Number of protein chains: 2
Amino acid sequence: MDPTVSLDLRVDRSSPVPLYFQLSQQLEAAIEHGTLTPGSLLGNEIELAARLGLSRPTVRQAIQSLVDKGLLVRRRGVGTQVVHSQVKRPLELSSLYDDLEAAGQRPATKVLVNTVVPASAAVAAALGVAEGGDVHRVERLRLAHGEPMAYLINHLPPGLLDLDTDQLEATGLYRLMRSAGITLHSARQSIGARGATAAEAERLTEAEGAPLLTMQRTTFDDTGRAVEFGDHTYRPGRYSFEFQLLVRP
Amino acid sequence: MDPTVSLDLRVDRSSPVPLYFQLSQQLEAAIEHGTLTPGSLLGNEIELAARLGLSRPTVRQAIQSLVDKGLLVRRRGVGTQVVHSQVKRPLELSSLYDDLEAAGQRPATKVLVNTVVPASAAVAAALGVAEGGDVHRVERLRLAHGEPMAYLINHLPPGLLDLDTDQLEATGLYRLMRSAGITLHSARQSIGARGATAAEAERLTEAEGAPLLTMQRTTFDDTGRAVEFGDHTYRPGRYSFEFQLLVRP
DNA sequence: AAGTGGTCTAGACCACTAA
DNA sequence: TAGTGGTCTAGACCACTTA
């Protein structure tokens, strides 16, 4: 049977929200709620379009956006089905601050360094600036429940952002960039592990040589400019990278 | 100027390859080649459609697929632009075997365990089978240039796949699954670090307590079935997770 | 054979951006 | 004001799956 018939789907044509988006939101909510159960088949697109008074391409656009999110699967000749598994978030360019806050961990930040320095070779290469040229350097200790979780070193190109220490302690770097009108587009990440140096060990209250989780990341905005280069170390007992990813079809 | 005019774009209507796909492939190749340089604006969609004898929605579909890949950016009122940065691969569900092979490292695999065991609580939960029920267990040592790189423990639900030891040594697990007709859909991963136990240290020729990079992964097919649960340890000097990811727009 | 999604057309109007 | 992408329509034919 078609479970969408019992769904109270409706679109508001006077709303500025696109019709396909209204529909995809309602379908997503129904999946989230369990009204549309995993494995169930949606009604066919043409019938769904007719019932809502929409054209088929519009309905397809709504469905496609959920396929892209991994919530639905289409099979030619069969139909569109709700995916069974616990798909929640296909890996996002996440901020540690947001992750911690979402987990109810009440993140705190101590800014230890906030200054302008000459770019090292590695920083210059990552940010695409001249070696020895000015770059911002920020070092922060991130705590959760008063315990050190991560030590974050970031470099930013000059003139991009006002790096106010108070703001850096009140929120995350990504939020500051977004509210400065920077549109984040992509990031290149490398996750590894190594033993802590003496300095790192002290910052994170670990022993020298203790295993640390490391992440290096360069973030680009939608003009292709590198807007941030990060070199982070995490205490592995306190943090791990969790994510879900989809297979490119 | 519109750089696409100098591009020899053409579509073959007698080909079974969809028109939008033919176009997106040619545009992607031009970006790859540098014929379409970063930052350059594509001609507008309507003109492009007219030139190719396609409808605008078809051209949009081609462009959209490249936007989804992160190669192009659209701005309303402005145009469609080639992204500046070195976007290569948005994180894929990669196989260590393929990664090593692509890097020219000539991976080798030693299968140390290939048997059926009763499912532990953790394995049962991950695979969605009954605790104590039969599951396949495979333990493999992955080497590159004769050096141990990773120790891979995998559990698979019963009856899914013939796990032939020779095949496991000749290729990767994902390739075996794909050639068995399994459509991989998504995976949930957790990447962390910890000190090596004595047993782990010996397997990987490291010292006890040496930092190890760890990954746990559950992979699902497109029916939502868990098809694999992996528990892997990597030598951090030899391996790190490298990936590029895109911001959901 | 019937039903599904996959592709494609030829238009239309709107919202946003830049000159 | 002119030009761009964003959304939407009402059809059409095809390829694939299942019965």
# chains A, B, ... in the order shown; residues from 1 in each chain; ligands from 1

call {"tool": "interface_residues", "arguments": {"of": "chain D", "to": "chain A", "cutoff": "10 Å", "atoms": "only C-alpha atoms (C1' of nucleotides)", "output": "list in words"}}
result
DG6, DT7, DC8, DT9, DA10, DG11, DA15, DC16, DT17 and DT18 of chain D

call {"tool": "write_last_selection", "arguments": {"atoms": "C-alpha atoms (C1' of nucleotides)", "output": "PDB file, in the first residue's frame"}}
result
ATOM      1  C1'  DG D   6      15.557  29.670  -9.029  1.00  0.00           C
ATOM      2  C1'  DT D   7      11.271  27.725  -9.522  1.00  0.00           C
ATOM      3  C1'  DC D   8       7.405  25.674 -11.920  1.00  0.00           C
ATOM      4  C1'  DT D   9       4.244  23.631 -15.506  1.00  0.00           C
ATOM      5  C1'  DA D  10       2.106  19.977 -18.584  1.00  0.00           C
ATOM      6  C1'  DG D  11       3.051  17.249 -21.124  1.00  0.00           C
ATOM      7  C1'  DA D  15      14.231   1.687 -19.772  1.00  0.00           C
ATOM      8  C1'  DC D  16      13.709  -1.252 -16.334  1.00  0.00           C
ATOM      9  C1'  DT D  17      11.331  -4.440 -12.978  1.00  0.00           C
ATOM     10  C1'  DT D  18       7.833  -7.470 -11.659  1.00  0.00           C
TER      11       DT D  18
END

call {"tool": "interface_residues", "arguments": {"of": "chain B", "to": "chain A", "cutoff": "6 Å", "atoms": "only C-alpha atoms", "output": "list in words"}}
result
Val83, His84, Ser85, Leu93, His185, Ser186, Ala187, Arg188, Gln189, Ser190, Ile191, Gly192, Ala193, Arg194, Gly195, Pro211, Leu213, Gly224, Pro236, Ser240, Phe241, Glu242, Phe243, Gln244, Leu245, Leu246 and Val247 of chain B

call {"tool": "atom_distance", "arguments": {"atom1": "atom CA of Leu152 of chain A", "atom2": "atom CA of Val138 of chain A"}}
result
7.9 Å

call {"tool": "select_by_dssp", "arguments": {"residues": "segment 6-237 of chain A", "states": "strand (DSSP E or B)", "output": "PyMOL selection string"}}
result
chain A and resi 41+72-75+79-82+90+107-118+134-144+147-156+184-195+211-221+226-234

call {"tool": "interface_residues", "arguments": {"of": "chain C", "to": "chain B", "cutoff": "8 Å", "atoms": "only C-alpha atoms (C1' of nucleotides)", "output": "ChimeraX atom specification"}}
result
/C:7-10,16-18

call {"tool": "closest_residue", "arguments": {"among": "C:DA1, C:DA19, C:DC14, C:DG6", "to": "DC14 of chain D", "atoms": "only C-alpha atoms (C1' of nucleotides)"}}
result
C:DG6

call {"tool": "select_by_dssp", "arguments": {"residues": "segment 66-199 of chain B", "states": "alpha helix (DSSP H)", "output": "PyMOL selection string"}}
result
chain B and resi 66-69+96-102+121-127+165-170+173-179+198-199

call {"tool": "residues_around", "arguments": {"residues": "segment 159-176 of chain A", "least_positions_apart": "2", "cutoff": "8 Å", "atoms": "only C-alpha atoms (C1' of nucleotides)", "output": "list in words"}}
result
Ser95, Leu96, Tyr97, Asp98, Ala108, Thr109, Lys110, Val111, Asn114, Leu156, Pro157, Arg178, Ser179, Ala180 and Val227 of chain A

call {"tool": "write_last_selection", "arguments": {"atoms": "N, CA, C and O atoms", "output": "short mmCIF file (atom, residue, chain, number, x, y, z; two decimals), in the first residue's frame"}}
result
data_model
loop_
_atom_site.label_atom_id
_atom_site.label_comp_id
_atom_site.auth_asym_id
_atom_site.auth_seq_id
_atom_site.Cartn_x
_atom_site.Cartn_y
_atom_site.Cartn_z
N SER A 95 31.95 21.98 13.34
CA SER A 95 32.80 22.72 14.25
C SER A 95 32.79 21.99 15.58
O SER A 95 31.76 21.49 16.03
N LEU A 96 33.95 21.86 16.16
CA LEU A 96 34.05 21.18 17.45
C LEU A 96 33.15 21.84 18.47
O LEU A 96 32.50 21.18 19.28
N TYR A 97 33.10 23.16 18.38
CA TYR A 97 32.27 23.90 19.34
C TYR A 97 30.80 23.48 19.21
O TYR A 97 30.15 23.16 20.21
N ASP A 98 30.33 23.44 17.98
CA ASP A 98 28.94 23.05 17.76
C ASP A 98 28.69 21.61 18.16
O ASP A 98 27.65 21.27 18.72
N ALA A 108 33.80 25.27 26.67
CA ALA A 108 34.44 26.51 27.07
C ALA A 108 35.73 26.65 26.29
O ALA A 108 36.33 25.65 25.89
N THR A 109 36.12 27.87 26.05
CA THR A 109 37.32 28.10 25.26
C THR A 109 38.23 29.07 26.01
O THR A 109 37.76 30.07 26.55
N LYS A 110 39.50 28.74 26.06
CA LYS A 110 40.49 29.68 26.58
C LYS A 110 41.40 30.09 25.44
O LYS A 110 42.06 29.25 24.84
N VAL A 111 41.39 31.36 25.11
CA VAL A 111 42.29 31.82 24.05
C VAL A 111 43.66 32.08 24.67
O VAL A 111 43.79 32.90 25.58
N ASN A 114 46.54 35.14 20.46
CA ASN A 114 45.74 35.78 19.42
C ASN A 114 46.55 36.94 18.89
O ASN A 114 46.53 38.02 19.45
N LEU A 156 44.86 32.26 9.96
CA LEU A 156 43.91 32.86 9.02
C LEU A 156 44.62 33.93 8.20
O LEU A 156 45.53 34.60 8.70
N PRO A 157 44.20 34.09 6.97
CA PRO A 157 44.80 35.16 6.16
C PRO A 157 44.44 36.51 6.75
O PRO A 157 43.43 36.65 7.44
N ARG A 178 31.03 32.69 9.54
CA ARG A 178 29.73 32.75 8.87
C ARG A 178 29.06 34.10 9.13
O ARG A 178 28.50 34.70 8.21
N SER A 179 29.14 34.57 10.36
CA SER A 179 28.46 35.83 10.64
C SER A 179 29.22 37.00 10.04
O SER A 179 28.69 38.11 9.97
N ALA A 180 30.45 36.76 9.59
CA ALA A 180 31.17 37.82 8.88
C ALA A 180 30.87 37.76 7.39
O ALA A 180 31.50 38.46 6.59
N VAL A 227 40.44 30.09 3.79
CA VAL A 227 40.06 31.04 4.84
C VAL A 227 40.54 30.61 6.21
O VAL A 227 40.44 31.38 7.17
#

call {"tool": "residues_around", "arguments": {"residues": "Arg51 of chain A", "least_positions_apart": "2", "cutoff": "12 Å", "atoms": "only C-alpha atoms (C1' of nucleotides)", "output": "VMD selection string"}}
result
chain A and resid 4 to 11 43 to 49 53 to 56 59

call {"tool": "atom_distance", "arguments": {"atom1": "atom CA of Val117 of chain A", "atom2": "atom CA of His155 of chain A"}}
result
9.2 Å

call {"tool": "atom_distance", "arguments": {"atom1": "atom CA of Leu141 of chain A", "atom2": "atom CA of Ala102 of chain A"}}
result
18.7 Å

call {"tool": "residues_around", "arguments": {"residues": "Arg203 of chain A", "least_positions_apart": "2", "cutoff": "12 Å", "atoms": "only C-alpha atoms (C1' of nucleotides)", "output": "JSON, numbers by chain"}}
result
{"A": [110, 112, 139, 140, 141, 142, 143, 147, 148, 149, 150, 151, 152, 196, 197, 198, 199, 200, 201, 205, 206, 207, 208, 233, 234, 235]}

call {"tool": "write_last_selection", "arguments": {"atoms": "N, CA, C and O atoms", "output": "compact mmCIF listing (two decimals), in the first residue's frame"}}
result
# COMPACT_ATOMS: atom_id res chain seq x y z
N LYS A 110 39.50 28.74 26.06
CA LYS A 110 40.49 29.68 26.58
C LYS A 110 41.40 30.09 25.44
O LYS A 110 42.06 29.25 24.84
N LEU A 112 44.66 31.38 24.19
CA LEU A 112 45.99 31.51 24.76
C LEU A 112 46.88 32.40 23.91
O LEU A 112 47.79 33.04 24.42
N GLU A 139 45.63 30.42 19.17
CA GLU A 139 45.76 29.13 19.87
C GLU A 139 44.70 29.11 20.96
O GLU A 139 44.57 30.03 21.74
N ARG A 140 43.95 28.02 20.97
CA ARG A 140 42.85 27.92 21.94
C ARG A 140 42.86 26.57 22.62
O ARG A 140 43.15 25.55 22.00
N LEU A 141 42.51 26.58 23.87
CA LEU A 141 42.28 25.33 24.59
C LEU A 141 40.78 25.17 24.74
O LEU A 141 40.09 26.06 25.23
N ARG A 142 40.30 24.02 24.28
CA ARG A 142 38.85 23.78 24.35
C ARG A 142 38.57 22.82 25.50
O ARG A 142 39.19 21.77 25.60
N LEU A 143 37.65 23.22 26.36
CA LEU A 143 37.33 22.39 27.52
C LEU A 143 35.86 21.98 27.50
O LEU A 143 35.02 22.68 26.97
N GLU A 147 37.26 20.11 31.75
CA GLU A 147 38.40 19.26 31.40
C GLU A 147 38.92 19.62 30.01
O GLU A 147 38.13 19.76 29.07
N PRO A 148 40.24 19.69 29.83
CA PRO A 148 40.76 19.97 28.49
C PRO A 148 40.41 18.84 27.53
O PRO A 148 40.52 17.67 27.86
N MET A 149 39.93 19.23 26.35
CA MET A 149 39.58 18.23 25.34
C MET A 149 40.45 18.32 24.11
O MET A 149 40.74 17.32 23.47
N ALA A 150 40.82 19.54 23.77
CA ALA A 150 41.55 19.71 22.52
C ALA A 150 42.36 20.99 22.57
O ALA A 150 41.99 21.95 23.25
N TYR A 151 43.45 20.98 21.84
CA TYR A 151 44.25 22.18 21.68
C TYR A 151 44.22 22.56 20.20
O TYR A 151 44.59 21.75 19.35
N LEU A 152 43.75 23.78 19.95
CA LEU A 152 43.46 24.18 18.58
C LEU A 152 44.38 25.31 18.13
O LEU A 152 44.38 26.38 18.75
N ALA A 196 52.19 12.43 22.23
CA ALA A 196 52.23 13.83 22.64
C ALA A 196 53.66 14.28 22.91
O ALA A 196 54.43 13.55 23.55
N THR A 197 54.01 15.47 22.44
CA THR A 197 55.27 16.07 22.86
C THR A 197 55.10 16.57 24.29
O THR A 197 53.99 16.60 24.83
N ALA A 198 56.21 16.97 24.90
CA ALA A 198 56.15 17.45 26.28
C ALA A 198 55.21 18.64 26.39
O ALA A 198 54.39 18.73 27.31
N ALA A 199 55.31 19.56 25.44
CA ALA A 199 54.47 20.76 25.49
C ALA A 199 52.99 20.42 25.32
O ALA A 199 52.13 20.91 26.04
N GLU A 200 52.73 19.54 24.36
CA GLU A 200 51.34 19.14 24.12
C GLU A 200 50.77 18.41 25.33
O GLU A 200 49.61 18.62 25.72
N ALA A 201 51.58 17.56 25.90
CA ALA A 201 51.14 16.80 27.06
C ALA A 201 50.73 17.75 28.19
O ALA A 201 49.68 17.57 28.83
N THR A 205 47.04 18.10 29.84
CA THR A 205 47.15 17.32 31.08
C THR A 205 47.22 15.82 30.79
O THR A 205 46.53 15.01 31.42
N GLU A 206 48.05 15.49 29.82
CA GLU A 206 48.34 14.08 29.54
C GLU A 206 49.82 13.83 29.83
O GLU A 206 50.58 14.77 30.13
N ALA A 207 50.22 12.57 29.71
CA ALA A 207 51.63 12.25 29.89
C ALA A 207 52.36 12.42 28.56
O ALA A 207 51.77 12.30 27.49
N GLU A 208 53.65 12.68 28.64
CA GLU A 208 54.43 12.78 27.42
C GLU A 208 54.38 11.42 26.70
O GLU A 208 54.47 10.37 27.32
N THR A 233 44.91 19.10 18.08
CA THR A 233 45.17 17.83 18.78
C THR A 233 44.06 17.59 19.80
O THR A 233 43.62 18.50 20.50
N TYR A 234 43.62 16.34 19.85
CA TYR A 234 42.50 15.96 20.71
C TYR A 234 42.93 14.87 21.68
O TYR A 234 43.74 14.01 21.33
N ARG A 235 42.34 14.89 22.85
CA ARG A 235 42.57 13.78 23.79
C ARG A 235 41.67 12.62 23.38
O ARG A 235 40.44 12.74 23.43
